[in-house]
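K.L.:
The structure file structure_13.txt (compact mmCIF, C-alpha atoms) is provided below.
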```
# COMPACT_ATOMS: atom_id res chain seq x y z
CA MET A 1 -74.91 32.78 -44.41
CA THR A 2 -73.30 29.42 -43.64
CA VAL A 3 -70.66 29.60 -40.91
CA ARG A 4 -67.40 27.73 -41.46
CA ALA A 5 -64.41 26.99 -39.26
CA ALA A 6 -61.14 28.00 -40.92
CA THR A 7 -57.46 28.60 -40.29
CA GLU A 8 -54.62 29.74 -42.57
CA TRP A 9 -50.87 30.27 -42.61
CA ASP A 10 -48.06 31.26 -45.00
CA LEU A 11 -46.68 28.46 -47.16
CA TRP A 12 -44.56 28.34 -50.32
CA THR A 13 -44.84 32.10 -51.01
CA THR A 14 -48.61 31.75 -50.87
CA THR A 15 -51.29 30.96 -48.26
CA ALA A 16 -52.48 27.59 -47.02
CA ARG A 17 -56.05 27.46 -45.76
CA VAL A 18 -58.18 24.72 -44.22
CA VAL A 19 -61.97 25.04 -44.02
CA LEU A 20 -64.32 22.72 -42.15
CA ASP A 21 -68.05 22.70 -41.66
CA HIS A 22 -69.00 24.51 -38.45
CA ARG A 23 -70.13 21.19 -36.97
CA ASP A 24 -66.51 19.95 -37.14
CA ARG A 25 -64.89 23.02 -35.56
CA ARG A 26 -63.33 20.95 -32.77
CA HIS A 27 -61.20 19.13 -35.37
CA LEU A 28 -59.63 22.29 -36.83
CA ALA A 29 -56.22 21.94 -35.12
CA ALA A 30 -55.95 18.28 -36.12
CA ALA A 31 -56.94 19.12 -39.71
CA GLU A 32 -54.25 21.79 -39.87
CA SER A 33 -51.73 19.24 -38.63
CA CYS A 34 -52.72 16.87 -41.46
CA VAL A 35 -52.09 19.56 -44.06
CA ARG A 36 -48.77 20.58 -42.54
CA GLN A 37 -47.58 16.97 -42.51
CA VAL A 38 -48.51 16.44 -46.17
CA THR A 39 -47.00 19.71 -47.42
CA SER A 40 -43.83 19.13 -45.40
CA ALA A 41 -43.43 15.67 -46.94
CA VAL A 42 -44.01 16.97 -50.47
CA ASP A 43 -41.51 19.78 -49.94
CA ALA A 44 -38.89 17.34 -48.63
CA ALA A 45 -39.48 15.06 -51.61
CA CYS A 46 -39.36 17.41 -54.57
CA SER A 47 -38.57 21.04 -53.79
CA ARG A 48 -35.97 22.40 -56.19
CA PHE A 49 -35.32 25.27 -53.76
CA ARG A 50 -33.90 22.92 -51.10
CA ASP A 51 -30.48 21.33 -51.34
CA ASP A 52 -31.65 18.56 -49.02
CA SER A 53 -34.81 17.59 -50.90
CA GLU A 54 -34.76 14.06 -52.27
CA LEU A 55 -35.01 15.31 -55.85
CA THR A 56 -32.03 17.67 -55.44
CA ALA A 57 -29.81 15.67 -53.10
CA ARG A 58 -30.01 12.53 -55.23
CA ALA A 59 -29.57 14.25 -58.60
CA ASP A 60 -26.43 12.28 -59.50
CA ASP A 61 -28.07 8.96 -58.59
CA LEU A 62 -31.11 9.84 -60.65
CA VAL A 63 -29.04 10.24 -63.81
CA ARG A 64 -27.89 6.63 -63.41
CA GLY A 65 -31.31 5.49 -62.26
CA THR A 66 -32.23 4.56 -58.70
CA GLU A 67 -35.04 3.59 -56.37
CA VAL A 68 -36.80 6.60 -54.86
CA SER A 69 -39.40 7.09 -52.16
CA PRO A 70 -42.99 6.15 -53.01
CA LEU A 71 -43.98 9.80 -52.56
CA LEU A 72 -41.42 11.15 -55.03
CA ALA A 73 -42.35 8.41 -57.50
CA ALA A 74 -46.02 9.34 -57.18
CA LEU A 75 -45.30 13.05 -57.70
CA VAL A 76 -43.19 12.36 -60.80
CA HIS A 77 -45.88 9.99 -62.10
CA GLN A 78 -48.50 12.73 -61.76
CA ALA A 79 -46.22 15.24 -63.47
CA LEU A 80 -45.68 12.88 -66.41
CA ASP A 81 -49.42 12.22 -66.60
CA ALA A 82 -49.95 15.99 -66.77
CA ALA A 83 -47.46 16.23 -69.63
CA ARG A 84 -49.29 13.48 -71.53
CA LEU A 85 -52.74 14.98 -70.87
CA SER A 86 -51.59 18.38 -72.12
CA ASP A 87 -49.55 17.10 -75.08
CA GLY A 88 -46.44 18.45 -73.41
CA ASP A 89 -47.76 21.93 -72.59
CA VAL A 90 -47.31 21.18 -68.88
CA ASP A 91 -43.67 20.11 -68.98
CA PRO A 92 -41.94 19.08 -65.72
CA THR A 93 -38.45 19.24 -67.25
CA LEU A 94 -38.09 23.02 -67.40
CA GLY A 95 -36.31 23.42 -64.06
CA ARG A 96 -32.96 24.41 -65.57
CA ARG A 97 -34.66 26.91 -67.87
CA MET A 98 -36.51 28.41 -64.89
CA VAL A 99 -33.18 28.91 -63.13
CA SER A 100 -31.67 30.60 -66.19
CA LEU A 101 -34.63 32.98 -66.29
CA GLY A 102 -34.04 33.96 -62.68
CA TYR A 103 -36.77 32.01 -60.89
CA ASP A 104 -34.62 30.32 -58.27
CA ALA A 105 -32.96 30.87 -54.92
CA ALA A 106 -29.66 31.35 -56.79
CA PHE A 107 -28.42 31.62 -60.34
CA ALA A 108 -26.79 28.50 -61.71
CA ASP A 109 -25.98 28.96 -65.37
CA ALA A 110 -22.76 26.96 -65.62
CA ARG A 111 -22.48 25.36 -69.03
CA PRO A 112 -22.58 21.56 -68.68
CA VAL A 113 -19.56 19.57 -69.82
CA PRO A 114 -20.46 17.41 -72.85
CA SER A 115 -20.71 13.72 -72.06
CA PRO A 116 -21.51 10.57 -74.05
CA GLU A 117 -25.08 10.77 -72.76
CA ALA A 118 -25.31 14.42 -73.82
CA LEU A 119 -24.15 13.49 -77.30
CA SER A 120 -26.67 10.64 -77.57
CA ARG A 121 -29.38 12.95 -76.27
CA ALA A 122 -28.69 15.28 -79.19
CA LEU A 123 -29.74 12.43 -81.48
CA ASP A 124 -32.98 11.80 -79.56
CA ASP A 125 -35.58 14.34 -80.65
CA ARG A 126 -38.21 13.28 -78.11
CA PRO A 127 -39.20 15.90 -75.51
CA ALA A 128 -37.19 15.49 -72.32
CA TRP A 129 -40.22 14.40 -70.31
CA GLN A 130 -40.70 11.45 -72.66
CA ARG A 131 -37.15 10.31 -71.92
CA ILE A 132 -37.73 10.03 -68.17
CA LEU A 133 -37.96 6.40 -67.04
CA LEU A 134 -40.30 5.66 -64.14
CA SER A 135 -41.11 2.05 -63.31
CA GLY A 136 -42.69 1.60 -59.91
CA THR A 137 -40.27 3.46 -57.64
CA PHE A 138 -37.31 3.21 -60.04
CA LEU A 139 -36.61 6.63 -61.54
CA ARG A 140 -34.06 7.71 -64.14
CA ILE A 141 -33.76 11.30 -65.31
CA PRO A 142 -31.69 12.16 -68.41
CA GLU A 143 -28.44 13.99 -67.79
CA GLY A 144 -28.84 17.73 -68.05
CA VAL A 145 -32.55 17.65 -67.16
CA THR A 146 -33.75 19.36 -64.00
CA LEU A 147 -37.26 18.55 -62.88
CA ASP A 148 -39.56 21.32 -61.70
CA LEU A 149 -42.69 19.67 -60.32
CA GLY A 150 -44.20 22.95 -59.16
CA ALA A 151 -46.98 22.88 -61.75
CA THR A 152 -48.42 19.67 -60.30
CA ALA A 153 -46.90 19.01 -56.86
CA LYS A 154 -48.79 21.81 -55.10
CA ALA A 155 -52.08 20.61 -56.56
CA ALA A 156 -51.23 17.01 -55.63
CA ALA A 157 -50.45 18.19 -52.10
CA ALA A 158 -53.91 19.79 -51.88
CA ASP A 159 -55.52 16.54 -53.04
CA MET A 160 -53.52 14.47 -50.56
CA ALA A 161 -54.08 16.88 -47.67
CA ALA A 162 -57.85 16.95 -48.09
CA ALA A 163 -57.92 13.15 -48.37
CA SER A 164 -55.70 12.86 -45.27
CA ILE A 165 -58.10 14.93 -43.18
CA THR A 166 -61.04 12.77 -44.19
CA ALA A 167 -59.13 9.51 -43.69
CA ARG A 168 -57.85 10.46 -40.23
CA LEU A 169 -60.76 12.42 -38.85
CA GLY A 170 -63.75 11.14 -40.81
CA ILE A 171 -64.96 14.63 -41.71
CA GLY A 172 -65.35 16.75 -44.83
CA ALA A 173 -62.68 19.36 -45.55
CA LEU A 174 -61.60 21.98 -48.05
CA VAL A 175 -57.87 22.61 -48.46
CA SER A 176 -56.60 25.62 -50.40
CA LEU A 177 -52.93 25.99 -51.31
CA GLY A 178 -52.78 29.24 -53.20
CA GLY A 179 -54.90 28.76 -56.29
CA ASP A 180 -55.32 25.02 -55.77
CA VAL A 181 -58.48 24.00 -53.90
CA ALA A 182 -59.32 20.37 -53.08
CA THR A 183 -62.19 18.89 -51.10
CA ALA A 184 -62.91 15.48 -49.59
CA GLY A 185 -65.33 13.73 -47.29
CA PRO A 186 -69.00 14.41 -46.56
CA ASP A 187 -70.61 17.49 -48.09
CA PRO A 188 -71.04 20.34 -45.60
CA SER A 189 -74.39 22.01 -45.19
CA GLY A 190 -74.82 24.32 -48.20
CA GLY A 191 -71.97 22.72 -50.15
CA TRP A 192 -68.50 24.16 -50.68
CA GLN A 193 -68.61 27.75 -51.89
CA VAL A 194 -65.36 28.87 -53.53
CA ARG A 195 -64.58 32.53 -54.19
CA VAL A 196 -62.51 33.01 -57.34
CA GLU A 197 -60.47 36.21 -57.49
CA ASP A 198 -56.78 36.57 -58.31
CA LEU A 199 -55.67 40.06 -57.28
CA GLU A 200 -57.68 42.67 -55.42
CA GLY A 201 -59.86 44.50 -57.92
CA ASP A 202 -59.96 41.61 -60.40
CA PRO A 203 -63.31 40.11 -61.49
CA VAL A 204 -64.92 38.00 -58.74
CA ASP A 205 -67.00 34.85 -59.16
CA HIS A 206 -68.38 32.29 -56.72
CA VAL A 207 -68.73 28.64 -57.62
CA ARG A 208 -70.25 25.84 -55.55
CA ILE A 209 -68.71 22.38 -55.84
CA ALA A 210 -69.67 19.02 -54.40
CA SER A 211 -67.25 17.35 -52.02
CA GLY A 212 -64.56 15.38 -53.81
CA TRP A 213 -64.28 17.98 -56.57
CA SER A 214 -61.58 20.61 -56.96
CA VAL A 215 -60.92 24.07 -58.35
CA ALA A 216 -57.55 25.29 -59.63
CA THR A 217 -56.47 28.70 -60.89
CA SER A 218 -53.32 29.53 -62.85
CA SER A 219 -52.22 33.14 -63.05
CA THR A 220 -49.76 35.20 -65.08
CA GLN A 221 -50.06 38.02 -62.53
CA LYS A 222 -48.30 36.32 -59.62
CA ARG A 223 -44.77 34.95 -59.19
CA ARG A 224 -43.46 37.67 -61.46
CA TRP A 225 -39.98 39.14 -61.61
CA GLU A 226 -37.77 41.16 -63.93
CA GLN A 227 -34.62 39.97 -65.69
CA ASP A 228 -32.47 42.22 -67.86
CA GLY A 229 -35.35 44.65 -68.15
CA ALA A 230 -37.82 41.98 -69.30
CA ALA A 231 -40.88 41.03 -67.26
CA ARG A 232 -41.11 37.31 -66.47
CA HIS A 233 -43.74 35.05 -64.95
CA HIS A 234 -43.49 31.43 -63.85
CA ILE A 235 -45.57 29.62 -66.51
CA LEU A 236 -43.26 28.73 -69.38
CA ASP A 237 -44.17 27.76 -72.92
CA PRO A 238 -42.10 24.59 -73.48
CA ARG A 239 -41.73 25.37 -77.20
CA TRP A 240 -39.64 28.46 -76.53
CA GLY A 241 -38.55 28.09 -72.91
CA LEU A 242 -39.98 31.55 -72.18
CA PRO A 243 -42.98 32.77 -70.18
CA ALA A 244 -46.21 32.11 -72.06
CA GLU A 245 -47.79 35.11 -73.73
CA PRO A 246 -50.13 36.59 -71.08
CA VAL A 247 -53.29 36.33 -73.19
CA TRP A 248 -55.09 35.40 -69.96
CA ARG A 249 -54.64 36.96 -66.54
CA THR A 250 -56.07 33.83 -64.98
CA VAL A 251 -57.64 30.54 -65.95
CA THR A 252 -59.79 28.56 -63.49
CA VAL A 253 -61.12 25.01 -63.98
CA VAL A 254 -63.34 22.66 -61.95
CA ALA A 255 -62.34 18.97 -62.13
CA PRO A 256 -62.57 15.75 -60.08
CA SER A 257 -59.03 16.27 -58.76
CA CYS A 258 -56.93 19.34 -58.12
CA THR A 259 -54.06 17.83 -60.09
CA THR A 260 -56.26 17.50 -63.17
CA ALA A 261 -57.70 20.99 -62.74
CA ASN A 262 -54.22 22.49 -62.35
CA THR A 263 -52.95 20.64 -65.42
CA MET A 264 -55.76 22.10 -67.48
CA THR A 265 -55.34 25.67 -66.20
CA THR A 266 -51.58 25.62 -66.78
CA ALA A 267 -52.00 24.18 -70.27
CA ALA A 268 -54.65 26.80 -71.04
CA VAL A 269 -52.27 29.63 -70.13
CA VAL A 270 -49.63 28.09 -72.41
CA ARG A 271 -52.11 27.63 -75.27
CA GLY A 272 -53.15 31.27 -75.14
CA ARG A 273 -55.81 32.15 -77.70
CA ALA A 274 -56.48 28.50 -78.46
CA ALA A 275 -57.31 27.75 -74.83
CA ALA A 276 -61.00 28.62 -74.84
CA GLU A 277 -61.85 26.23 -77.67
CA TRP A 278 -59.73 23.47 -76.09
CA LEU A 279 -61.46 23.85 -72.72
CA ARG A 280 -64.85 23.94 -74.45
CA GLN A 281 -64.06 20.62 -76.12
CA CYS A 282 -62.93 19.17 -72.77
CA GLY A 283 -66.35 19.98 -71.33
CA ARG A 284 -65.06 21.22 -67.97
CA ALA A 285 -66.54 24.22 -66.18
CA ALA A 286 -63.97 26.96 -66.65
CA ARG A 287 -63.46 30.70 -66.31
CA LEU A 288 -60.85 32.69 -68.21
CA VAL A 289 -60.02 36.32 -67.50
CA ALA A 290 -58.39 38.04 -70.47
CA ALA A 291 -55.62 40.61 -70.23
CA ASP A 292 -58.19 43.40 -70.63
CA GLY A 293 -60.38 41.99 -67.83
CA THR A 294 -62.98 40.35 -70.09
CA VAL A 295 -64.39 37.20 -68.46
CA VAL A 296 -65.11 34.09 -70.53
CA ARG A 297 -67.23 31.38 -68.83
CA LEU A 298 -67.41 27.88 -70.32
CA GLY A 299 -68.89 24.46 -69.65
CA GLY A 300 -71.60 25.53 -67.26
CA TRP A 301 -69.48 27.88 -65.16
CA PRO A 302 -72.19 29.77 -63.28
CA ASP A 303 -73.00 33.45 -63.45
CA ASP A 304 -74.71 32.94 -60.11
CA ARG A 305 -74.02 30.64 -57.15
CA SER A 306 -75.45 27.46 -58.64
CA ALA A 307 -73.43 24.24 -58.40
CA VAL A 308 -71.36 22.90 -61.25
CA ALA A 309 -70.44 19.53 -59.76
```
Could you take the file, read its structure, and then write that structure out as structure tokens?

P.N.:
Amino acid sequence: MTVRAATEWDLWTTTARVVLDHRDRRHLAAAESCVRQVTSAVDAACSRFRDDSELTARADDLVRGTEVSPLLAALVHQALDAARLSDGDVDPTLGRRMVSLGYDAAFADARPVPSPEALSRALDDRPAWQRILLSGTFLRIPEGVTLDLGATAKAAAADMAAASITARLGIGALVSLGGDVATAGPDPSGGWQVRVEDLEGDPVDHVRIASGWSVATSSTQKRRWEQDGAARHHILDPRWGLPAEPVWRTVTVVAPSCTTANTMTTAAVVRGRAAAEWLRQCGRAARLVAADGTVVRLGGWPDDRSAVA
């Protein structure tokens, strides 16, 4: 059994974990610091649960259009790329709908006052994410639209954190932020082994990935709550503004970046029964766990511990 050096802590209602090869154990504290710095910066840039985040505090400026920090611009760019890649299934403009469904620190259902922009928006049938203007660091968000970058920002943070460790310390690292796992730097002895299991008692798989590759899992079993007697989860179908039908308990994908993997897993949950064929056509290694516990493996996802990347 290959020995690793690891540390973990609570973050964003989930667990952050850093894993290094045993040969780099002395760098563990510095690696943790890299991850904390990246996640703190991402949180300050785009959290919709913080009144002082850049995205929230500058909401009025963003309606008019304004220069934003390079980090916020990059996070919005990745979110819009995810929307394009998924044909809108991963939609970053559902923040207001998430609040109305009860997934927020507070309820904020005040009906907006109609404005000239609101009236012109009614004549523009493009999805809201297509009406966002991002040019360099200039960002304009349509009035009445609240961004929720949660579907991509956590994955982007994992990518950036792993890259930060390698850039600063010159070592290989695995960073896990909940279901988002990113790696960077030299391969450790034996490669990176990733255990895939959502809740205790769920089906378990192990997959080995080469450094620089990522694994993401989206789940309909976590971040659940109840509203007016109806069960909710946090992955919304943009067509209806309601939680996607839980055809799949979880979807897991291996991809060259965590952001790409997360985009594909989120879109797969939204696509429901059509997801397996879509992922098969994409050619990515993937694992889907159906509501009844049936496991579907695609694209070379291993039944054993062989590598897929």

K.L.:
Considering only C-alpha atoms, state which residue in the set A:Val196, A:Ile235, A:Val18, A:Ala45 is at the smallest distance from Ala31 in chain A.

P.N.:
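Smallest distance to Ala31 in chain A is found for A:Val18.
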
K.L.:
At what distance in Å, to one decimal, does CA of Ala173 in chain A lie from CA of Ser211 in chain A?

P.N.:
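Rounded to one decimal, the two atoms are 8.2 Å apart.
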
K.L.:
Would you kindly return, as a ChimeraX atom specification, each protein, DNA or RNA residue with an atom no farther than 9 Å from any atom of Val296 in chain A, considering all atoms listed in the file and excluding same-chain residues fewer than 2 positions away?

P.N.:
/A:276,286-290,294,298

K.L.:
Would you give me, as a tab-separated table, each residue of range 255-307 of chain A having an atom within 8 Å of an atom of range 150-169 of chain A, along with its shortest atom pair and that distance in Å to one decimal, using only C-alpha atoms and sorting by chain and residue number?

P.N.:
```
residue	atom	partner	partner_atom	distance
A:Ser257	CA	A:Asp159	CA	6.7
A:Cys258	CA	A:Ala155	CA	5.3
A:Thr259	CA	A:Ala155	CA	4.9
A:Asn262	CA	A:Ala155	CA	6.5
A:Thr263	CA	A:Thr152	CA	6.9
A:Thr266	CA	A:Ala151	CA	7.3
```

K.L.:
Could the residues in this selection be saved with C-alpha atoms as a PDB file, in the coordinates of the input?

P.N.:
```pdb
ATOM      1  CA  SER A 257     -59.030  16.270 -58.760  1.00  0.00           C
ATOM      2  CA  CYS A 258     -56.930  19.340 -58.120  1.00  0.00           C
ATOM      3  CA  THR A 259     -54.060  17.830 -60.090  1.00  0.00           C
ATOM      4  CA  ASN A 262     -54.220  22.490 -62.350  1.00  0.00           C
ATOM      5  CA  THR A 263     -52.950  20.640 -65.420  1.00  0.00           C
ATOM      6  CA  THR A 266     -51.580  25.620 -66.780  1.00  0.00           C
TER       7      THR A 266
END
```

K.L.:
Please provide the set of residues having any atom within 12 Å of Ala44 in chain A, restricted to only C-alpha atoms, with same-chain residues fewer than 5 positions apart removed, written as a PyMOL selection string.

P.N.:
chain A and resi 37-39+49-57+69+71-72+75+153

K.L.:
Extract, using only C-alpha atoms, all DNA, RNA and protein residues at most 8 Å from Gly88 in chain A, discarding same-chain residues fewer than 6 positions from it, and format them as a PyMOL selection string.

P.N.:
chain A and resi 82+127+238
